[in-house]
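protein_4.cif (mmCIF, C-alpha atoms and all ligand atoms) appears below.
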```
data_start
loop_
_atom_site.label_atom_id
_atom_site.label_comp_id
_atom_site.auth_asym_id
_atom_site.auth_seq_id
_atom_site.Cartn_x
_atom_site.Cartn_y
_atom_site.Cartn_z
CA MET C 1 47.31 124.10 -19.54
CA ILE C 2 49.26 121.36 -21.29
CA TYR C 3 47.69 117.90 -21.35
CA ILE C 4 49.20 114.64 -22.56
CA ALA C 5 46.59 111.94 -23.13
CA ILE C 6 47.75 108.34 -22.86
CA ASP C 7 45.16 105.78 -23.91
CA GLY C 8 45.38 102.08 -24.62
CA PRO C 9 44.29 98.63 -23.51
CA ALA C 10 45.06 96.92 -20.19
CA GLY C 11 48.62 95.61 -20.06
CA SER C 12 50.02 97.99 -22.67
CA GLY C 13 52.22 99.51 -19.95
CA LYS C 14 50.20 102.74 -19.78
CA SER C 15 50.26 103.31 -16.03
CA SER C 16 54.02 102.93 -15.53
CA VAL C 17 54.70 105.01 -18.63
CA ALA C 18 52.22 107.78 -17.77
CA SER C 19 53.40 108.04 -14.18
CA GLU C 20 57.10 108.10 -15.13
CA LEU C 21 56.52 110.63 -17.91
CA ALA C 22 54.62 112.92 -15.52
CA LYS C 23 57.53 112.78 -13.06
CA ARG C 24 60.03 113.60 -15.77
CA LEU C 25 58.01 116.59 -17.00
CA GLY C 26 56.97 117.77 -13.53
CA PHE C 27 53.32 117.35 -14.54
CA GLY C 28 50.45 116.01 -12.45
CA TYR C 29 49.39 112.43 -13.16
CA LEU C 30 45.79 111.28 -13.36
CA ASN C 31 44.90 107.62 -13.85
CA THR C 32 41.20 107.71 -14.78
CA GLY C 33 40.97 103.92 -14.48
CA ASN C 34 41.42 104.48 -10.74
CA ILE C 35 38.35 106.71 -10.65
CA TYR C 36 36.31 103.90 -12.26
CA ARG C 37 37.86 101.56 -9.72
CA VAL C 38 36.98 103.79 -6.72
CA ILE C 39 33.40 104.02 -7.97
CA SER C 40 33.36 100.21 -8.31
CA PHE C 41 34.70 99.94 -4.75
CA PHE C 42 31.83 102.11 -3.43
CA TRP C 43 29.33 100.15 -5.50
CA ILE C 44 30.53 96.87 -3.98
CA GLN C 45 30.47 98.44 -0.50
CA LYS C 46 26.85 99.43 -1.02
CA GLY C 47 25.94 95.84 -1.99
CA GLN C 48 25.97 96.35 -5.80
CA PRO C 49 22.63 98.21 -6.00
CA GLU C 50 20.84 99.09 -9.25
CA PHE C 51 22.46 101.95 -11.08
CA SER C 52 19.94 104.59 -10.08
CA LYS C 53 19.81 108.34 -9.59
CA GLU C 54 20.53 107.77 -5.91
CA PHE C 55 23.85 106.05 -6.64
CA PHE C 56 24.82 108.67 -9.25
CA GLU C 57 24.09 111.50 -6.80
CA PHE C 58 26.16 109.73 -4.15
CA ILE C 59 29.15 109.61 -6.52
CA LYS C 60 28.63 113.18 -7.75
CA GLY C 61 28.77 114.37 -4.13
CA LYS C 62 32.25 112.91 -3.59
CA ASN C 63 35.29 115.11 -3.85
CA PHE C 64 38.00 113.59 -6.07
CA SER C 65 41.60 114.74 -6.26
CA VAL C 66 45.03 113.20 -6.84
CA VAL C 67 48.29 113.28 -4.92
CA ASP C 68 51.27 111.67 -6.70
CA ASP C 69 49.98 108.31 -7.98
CA SER C 70 47.03 108.04 -5.59
CA VAL C 71 43.43 109.02 -5.97
CA ILE C 72 41.97 110.85 -2.96
CA VAL C 73 38.25 110.79 -2.26
CA ASP C 74 36.89 113.06 0.47
CA GLY C 75 40.38 113.17 1.99
CA LYS C 76 40.98 109.40 1.99
CA SER C 77 43.72 107.90 -0.18
CA PHE C 78 42.82 104.78 -2.20
CA ASN C 79 45.48 102.35 -3.43
CA ASN C 80 45.42 98.62 -2.69
CA GLU C 81 41.63 98.58 -2.31
CA LEU C 82 41.45 99.34 -6.03
CA ARG C 83 43.58 96.38 -7.12
CA THR C 84 41.48 93.58 -5.62
CA LEU C 85 40.07 90.78 -7.79
CA GLU C 86 36.57 91.84 -6.75
CA VAL C 87 37.02 95.37 -8.07
CA GLY C 88 38.73 93.99 -11.19
CA ARG C 89 35.73 91.79 -11.85
CA VAL C 90 33.08 94.53 -11.77
CA VAL C 91 34.93 97.57 -13.10
CA SER C 92 34.23 97.00 -16.83
CA LYS C 93 30.54 96.71 -16.01
CA VAL C 94 30.57 99.93 -13.96
CA ALA C 95 32.52 101.71 -16.72
CA GLU C 96 29.80 100.80 -19.24
CA ILE C 97 27.13 102.90 -17.53
CA PRO C 98 26.71 106.18 -19.48
CA GLU C 99 25.86 108.28 -16.39
CA ILE C 100 29.02 107.00 -14.66
CA ARG C 101 31.15 107.83 -17.72
CA GLU C 102 29.68 111.32 -17.74
CA ILE C 103 30.49 111.81 -14.04
CA VAL C 104 34.06 110.52 -14.47
CA THR C 105 34.61 112.78 -17.50
CA ARG C 106 33.45 115.83 -15.54
CA LYS C 107 35.43 114.95 -12.41
CA SER C 108 38.56 114.30 -14.49
CA ARG C 109 38.35 117.69 -16.24
CA GLU C 110 37.83 119.35 -12.86
CA ILE C 111 40.90 117.63 -11.36
CA VAL C 112 43.23 118.73 -14.17
CA LYS C 113 41.92 122.23 -14.76
CA ASP C 114 44.63 124.18 -12.93
CA ALA C 115 47.86 122.35 -13.83
CA ASN C 116 49.70 120.53 -16.59
CA PHE C 117 48.76 116.85 -16.51
CA VAL C 118 49.51 113.47 -18.03
CA VAL C 119 46.10 111.79 -18.12
CA GLU C 120 45.72 108.08 -18.65
CA GLY C 121 42.68 106.01 -19.62
CA ARG C 122 40.73 104.63 -22.57
CA ASP C 123 38.89 107.69 -23.90
CA ILE C 124 41.09 110.61 -22.87
CA GLY C 125 42.10 111.68 -26.40
CA THR C 126 38.65 110.97 -27.84
CA VAL C 127 36.26 112.22 -25.15
CA VAL C 128 37.74 113.60 -21.93
CA LEU C 129 40.40 115.92 -23.39
CA PRO C 130 39.85 116.04 -27.18
CA ASP C 131 42.07 119.15 -27.37
CA ALA C 132 45.03 117.59 -25.55
CA PHE C 133 48.43 118.89 -26.69
CA LEU C 134 49.69 115.37 -27.35
CA LYS C 135 47.75 112.11 -27.69
CA ILE C 136 49.49 108.78 -27.40
CA PHE C 137 47.83 105.42 -27.93
CA LEU C 138 49.94 102.69 -26.34
CA THR C 139 49.38 99.14 -27.37
CA ALA C 140 51.11 95.74 -27.34
CA SER C 141 50.33 92.28 -28.67
CA ILE C 142 48.04 90.10 -26.56
CA GLU C 143 50.93 87.68 -25.88
CA GLU C 144 53.20 90.49 -24.66
CA ARG C 145 50.47 91.89 -22.42
CA ALA C 146 49.76 88.41 -21.03
CA ARG C 147 53.48 87.86 -20.35
CA ARG C 148 53.65 91.11 -18.38
CA ARG C 149 50.53 90.26 -16.39
CA TYR C 150 51.82 86.73 -15.72
CA LYS C 151 55.15 88.06 -14.45
CA GLU C 152 53.40 90.62 -12.27
CA LEU C 153 51.14 88.00 -10.65
CA ILE C 154 53.97 85.53 -10.10
CA SER C 155 56.15 88.26 -8.56
CA LYS C 156 53.34 88.94 -6.10
CA GLY C 157 53.21 85.24 -5.22
CA ILE C 158 49.83 84.79 -6.94
CA LYS C 159 49.31 81.54 -8.90
CA ALA C 160 48.65 82.19 -12.56
CA ASN C 161 47.90 80.30 -15.75
CA PHE C 162 49.15 81.85 -18.97
CA GLU C 163 46.27 80.59 -21.14
CA ASP C 164 43.68 81.90 -18.65
CA ILE C 165 45.37 85.31 -18.71
CA ILE C 166 45.22 85.38 -22.52
CA ASP C 167 41.47 84.61 -22.37
CA GLU C 168 40.88 87.29 -19.71
CA ILE C 169 42.70 89.92 -21.75
CA LYS C 170 40.75 89.03 -24.90
CA GLU C 171 37.48 89.27 -23.01
CA ARG C 172 38.39 92.61 -21.41
CA ASP C 173 39.47 94.02 -24.80
CA TYR C 174 36.20 92.89 -26.30
CA ILE C 175 34.13 94.57 -23.56
CA ASP C 176 36.20 97.77 -23.63
CA SER C 177 36.25 98.16 -27.42
CA SER C 178 32.71 97.07 -28.26
CA ARG C 179 30.76 99.21 -25.81
CA THR C 180 28.68 101.80 -27.61
CA ILE C 181 29.69 104.76 -25.51
CA SER C 182 33.35 105.85 -25.51
CA PRO C 183 34.80 102.57 -26.77
CA LEU C 184 38.53 102.03 -26.53
CA LYS C 185 39.99 103.36 -29.75
CA ALA C 186 42.82 105.61 -30.82
CA ALA C 187 41.87 109.23 -31.57
CA ASP C 188 42.44 110.12 -35.24
CA ASP C 189 45.25 112.46 -34.23
CA ALA C 190 46.88 110.06 -31.73
CA ILE C 191 50.37 108.66 -32.20
CA VAL C 192 50.23 104.88 -31.86
CA ILE C 193 53.18 103.24 -30.09
CA THR C 194 53.49 99.45 -29.90
CA THR C 195 55.46 98.55 -26.79
CA ASP C 196 56.41 94.92 -27.62
CA GLY C 197 60.09 94.47 -26.84
CA LEU C 198 60.51 97.99 -25.43
CA ASP C 199 61.20 98.61 -21.76
CA LEU C 200 59.67 101.36 -19.67
CA GLU C 201 62.53 103.77 -20.16
CA GLU C 202 62.54 103.32 -23.93
CA VAL C 203 58.83 104.08 -24.17
CA VAL C 204 59.10 107.11 -21.87
CA ASN C 205 62.08 108.42 -23.86
CA LYS C 206 60.14 108.04 -27.08
CA ILE C 207 57.14 110.01 -25.83
CA TYR C 208 59.40 112.58 -24.18
CA SER C 209 61.15 113.29 -27.47
CA ILE C 210 57.86 113.51 -29.38
CA TYR C 211 56.70 116.00 -26.74
CA THR C 212 59.84 118.15 -26.87
CA GLU C 213 59.80 118.15 -30.70
CA ARG C 214 56.19 119.27 -30.73
CA MET C 215 56.88 121.94 -28.10
CA LYS C 216 59.76 123.23 -30.18
CA SER C 217 57.70 123.43 -33.36
CA VAL C 218 54.90 125.27 -31.52
CA ARG C 219 57.48 127.77 -30.19
CA ASP C 220 59.11 128.16 -33.61
CA ASN C 221 55.75 128.74 -35.25
CA SER C 222 54.71 131.31 -32.68
CA ARG C 223 57.91 133.29 -33.36
CA LYS C 224 57.19 133.45 -37.12
O1 LIG M 1 43.22 101.06 -16.53
P1 LIG M 1 42.44 100.15 -15.60
O2 LIG M 1 42.54 98.68 -15.96
O3 LIG M 1 42.70 100.39 -14.17
O4 LIG M 1 40.90 100.55 -15.87
C1 LIG M 1 39.86 99.94 -15.17
C2 LIG M 1 38.63 99.82 -16.03
O5 LIG M 1 38.08 101.11 -16.32
C3 LIG M 1 38.80 99.11 -17.37
O6 LIG M 1 37.79 98.11 -17.50
C4 LIG M 1 38.55 100.16 -18.41
C5 LIG M 1 37.82 101.25 -17.69
N1 LIG M 1 38.23 102.60 -18.11
C6 LIG M 1 37.46 103.24 -19.04
O7 LIG M 1 36.49 102.66 -19.52
N2 LIG M 1 37.77 104.51 -19.41
C7 LIG M 1 38.85 105.13 -18.90
N3 LIG M 1 39.13 106.38 -19.28
C8 LIG M 1 39.67 104.47 -17.96
C9 LIG M 1 39.34 103.18 -17.58
#
```
Encoded form (structure tokens):
Amino acid sequence: MIYIAIDGPAGSGKSSVASELAKRLGFGYLNTGNIYRVISFFWIQKGQPEFSKEFFEFIKGKNFSVVDDSVIVDGKSFNNELRTLEVGRVVSKVAEIPEIREIVTRKSREIVKDANFVVEGRDIGTVVLPDAFLKIFLTASIEERARRRYKELISKGIKANFEDIIDEIKERDYIDSSRTISPLKAADDAIVITTDGLDLEEVVNKIYSIYTERMKSVRDNSRK
């Protein structure tokens, strides 16, 4: 199978890029952040219990799959439920638990095992799919990421304060990159792309050409 890993911080444009790239290549698309979000949703539903064996077994027993951009759990599609402020507030905490990371890693590998996939997250190139065909680390300056987030909130009619968004992003980056297990960092063999000033299409085109170049050189080498 061919896997393209797309990692990077929140607001780097990962989700739009990964989803668009998957469409262009006819690959499946897995957003692993959504799996952490679904688990957070269940955790909230259960009243935020201690992270115990009982909760881990409950999550292990769930059947995860994806259809287009949605994550499906035991036949139910999850979308808007994953984007609430409440889920946003707890998800970094849930994603810090080693047993949860282990479960998400296993479930993600299981989901992608029979097809070509673009897989998006924080630790795809480093932990989940270390042998991925292509690893991209997307990033952008804090100001650019805050601008995008601000625009997104305003377009949804949600009041937003630019300075607060900057602080939130800094805090989230700190939590995601300083955790001891699977911190957010580019794999040694990842190609880093800074998306400041680039639109969606430009970023997708860039990755698409890196992919086709690499495909071509693999083919050429195999003919030698
Ligand atoms: O991409 P996102 O913002 O929807 O991700 C939600 C949270 O999950 C975020 O705090 C980082 C975490 N995450 C992670 O730790 N590892 C991944 N592979 C994907 C997401």
**Report entry** Residues within 6 Å of ligand LIG 1 (chain M), counting all atoms listed in the file, as a ChimeraX atom specification
**Finding:** /C:10,32-34,36,91-92,95,121-124
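You can rank C:Lys151, C:Lys206, C:Arg179, C:Lys62 by their closest distance to Leu138 of chain C using all atoms listed in the file, and at the top of that list sits C:Lys206.
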Report task. Work out how far apart atom CA of Val119 of chain C and atom CA of Trp43 of chain C are and give it in Å to one decimal. Result ->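 Atom CA of Trp43 of chain C lies at a distance of 24.0 Å from atom CA of Val119 of chain C.
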Report task. Please provide as a list in words all residues within 10 Å of Ser19 of chain C, with the sequence filter that same-chain residues fewer than 5 positions apart are discarded (counting all atoms listed in the file). Result ->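 With the cut-off at 10 Å, the set is Lys14, Arg24, Phe27, Gly28, Tyr29, Leu30, Asn31, Asp68, Asp69, Val118, Val119, Glu120 and Val204 of chain C.
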Kindly compute an axis-aligned box around the listed atoms of segment 109-117 of chain C, allowing 3 Å on each side, and express its centre and edge lengths in Å to one decimal as JSON.
```
{"center_x": 43.8, "center_y": 120.5, "center_z": -14.0, "size_x": 17.9, "size_y": 13.3, "size_z": 11.2}
```
**Report entry** Residue nearest Ser70 of chain C - candidates C:Thr180, C:Phe162, C:Ser15, C:Leu85, atoms counted: all atoms listed in the file
**Finding:** C:Ser15
Query - Residue contacts of Thr194 of chain C (9 Å, all atoms listed in the file) excluding same-chain residues fewer than 3 positions away, as a ChimeraX atom specification - result: /C:12,137-141,197-198
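The closest residue to Arg83 of chain C, picked from C:Ile100, C:Asn63, C:Arg37, C:Asn116 and counting only C-alpha atoms, is C:Arg37.
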Within 12 Å of Glu168 of chain C, counting only C-alpha atoms, which residues qualify if same-chain residues fewer than 2 places away don't, as a PDB file with C-alpha atoms, keeping the file's coordinate frame?
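What landed in part.pdb:
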```pdb
ATOM      1  CA  ALA C  10      45.060  96.920 -20.190  1.00  0.00           C
ATOM      2  CA  GLY C  11      48.620  95.610 -20.060  1.00  0.00           C
ATOM      3  CA  GLY C  88      38.730  93.990 -11.190  1.00  0.00           C
ATOM      4  CA  ARG C  89      35.730  91.790 -11.850  1.00  0.00           C
ATOM      5  CA  ILE C 142      48.040  90.100 -26.560  1.00  0.00           C
ATOM      6  CA  GLU C 143      50.930  87.680 -25.880  1.00  0.00           C
ATOM      7  CA  ARG C 145      50.470  91.890 -22.420  1.00  0.00           C
ATOM      8  CA  ALA C 146      49.760  88.410 -21.030  1.00  0.00           C
ATOM      9  CA  ARG C 149      50.530  90.260 -16.390  1.00  0.00           C
ATOM     10  CA  TYR C 150      51.820  86.730 -15.720  1.00  0.00           C
ATOM     11  CA  ALA C 160      48.650  82.190 -12.560  1.00  0.00           C
ATOM     12  CA  ASN C 161      47.900  80.300 -15.750  1.00  0.00           C
ATOM     13  CA  PHE C 162      49.150  81.850 -18.970  1.00  0.00           C
ATOM     14  CA  GLU C 163      46.270  80.590 -21.140  1.00  0.00           C
ATOM     15  CA  ASP C 164      43.680  81.900 -18.650  1.00  0.00           C
ATOM     16  CA  ILE C 165      45.370  85.310 -18.710  1.00  0.00           C
ATOM     17  CA  ILE C 166      45.220  85.380 -22.520  1.00  0.00           C
ATOM     18  CA  LYS C 170      40.750  89.030 -24.900  1.00  0.00           C
ATOM     19  CA  GLU C 171      37.480  89.270 -23.010  1.00  0.00           C
ATOM     20  CA  ARG C 172      38.390  92.610 -21.410  1.00  0.00           C
ATOM     21  CA  ASP C 173      39.470  94.020 -24.800  1.00  0.00           C
ATOM     22  CA  TYR C 174      36.200  92.890 -26.300  1.00  0.00           C
ATOM     23  CA  ILE C 175      34.130  94.570 -23.560  1.00  0.00           C
TER      24      ILE C 175
END
```
Query - Option closest in space to Leu25 of chain C, from C:Ile207, C:Val218, C:Ile72, C:Ala132 [counting only C-alpha atoms] - result: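 Closest candidate: C:Ile207.
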Query raised in the report: How many Å lie between atom CA of Leu200 of chain C and atom CA of Val17 of chain C, rounded to one decimal?
Result: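 Interatomic distance here is 6.3 Å.
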Query - Using only C-alpha atoms: which of C:Ser16, C:Ser182, C:Asn205, C:Ser40 has the shortest distance to Leu82 of chain C - result: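 Smallest separation from Leu82 of chain C among the options: C:Ser40.
Among the candidates C:Ile59, C:Glu86, C:Gln45, C:Val66, the one nearest to Ala115 of chain C when counting only C-alpha atoms is C:Val66.
The space separating atom CA of Glu213 of chain C from atom CA of Thr105 of chain C comes to 28.9 Å.
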Selection: 8 Å around Leu134 of chain C, all atoms listed in the file, excl. self and same-chain fewer than 6 positions, as a short mmCIF file (atom, residue, chain, number, x, y, z; two decimals) with C-alpha atoms, in the coordinates of the input:
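The file below, part38.cif, is the result:
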```
data_model
loop_
_atom_site.label_atom_id
_atom_site.label_comp_id
_atom_site.auth_asym_id
_atom_site.auth_seq_id
_atom_site.Cartn_x
_atom_site.Cartn_y
_atom_site.Cartn_z
CA TYR C 3 47.69 117.90 -21.35
CA ILE C 4 49.20 114.64 -22.56
CA ALA C 5 46.59 111.94 -23.13
CA ALA C 190 46.88 110.06 -31.73
CA TYR C 211 56.70 116.00 -26.74
#
```
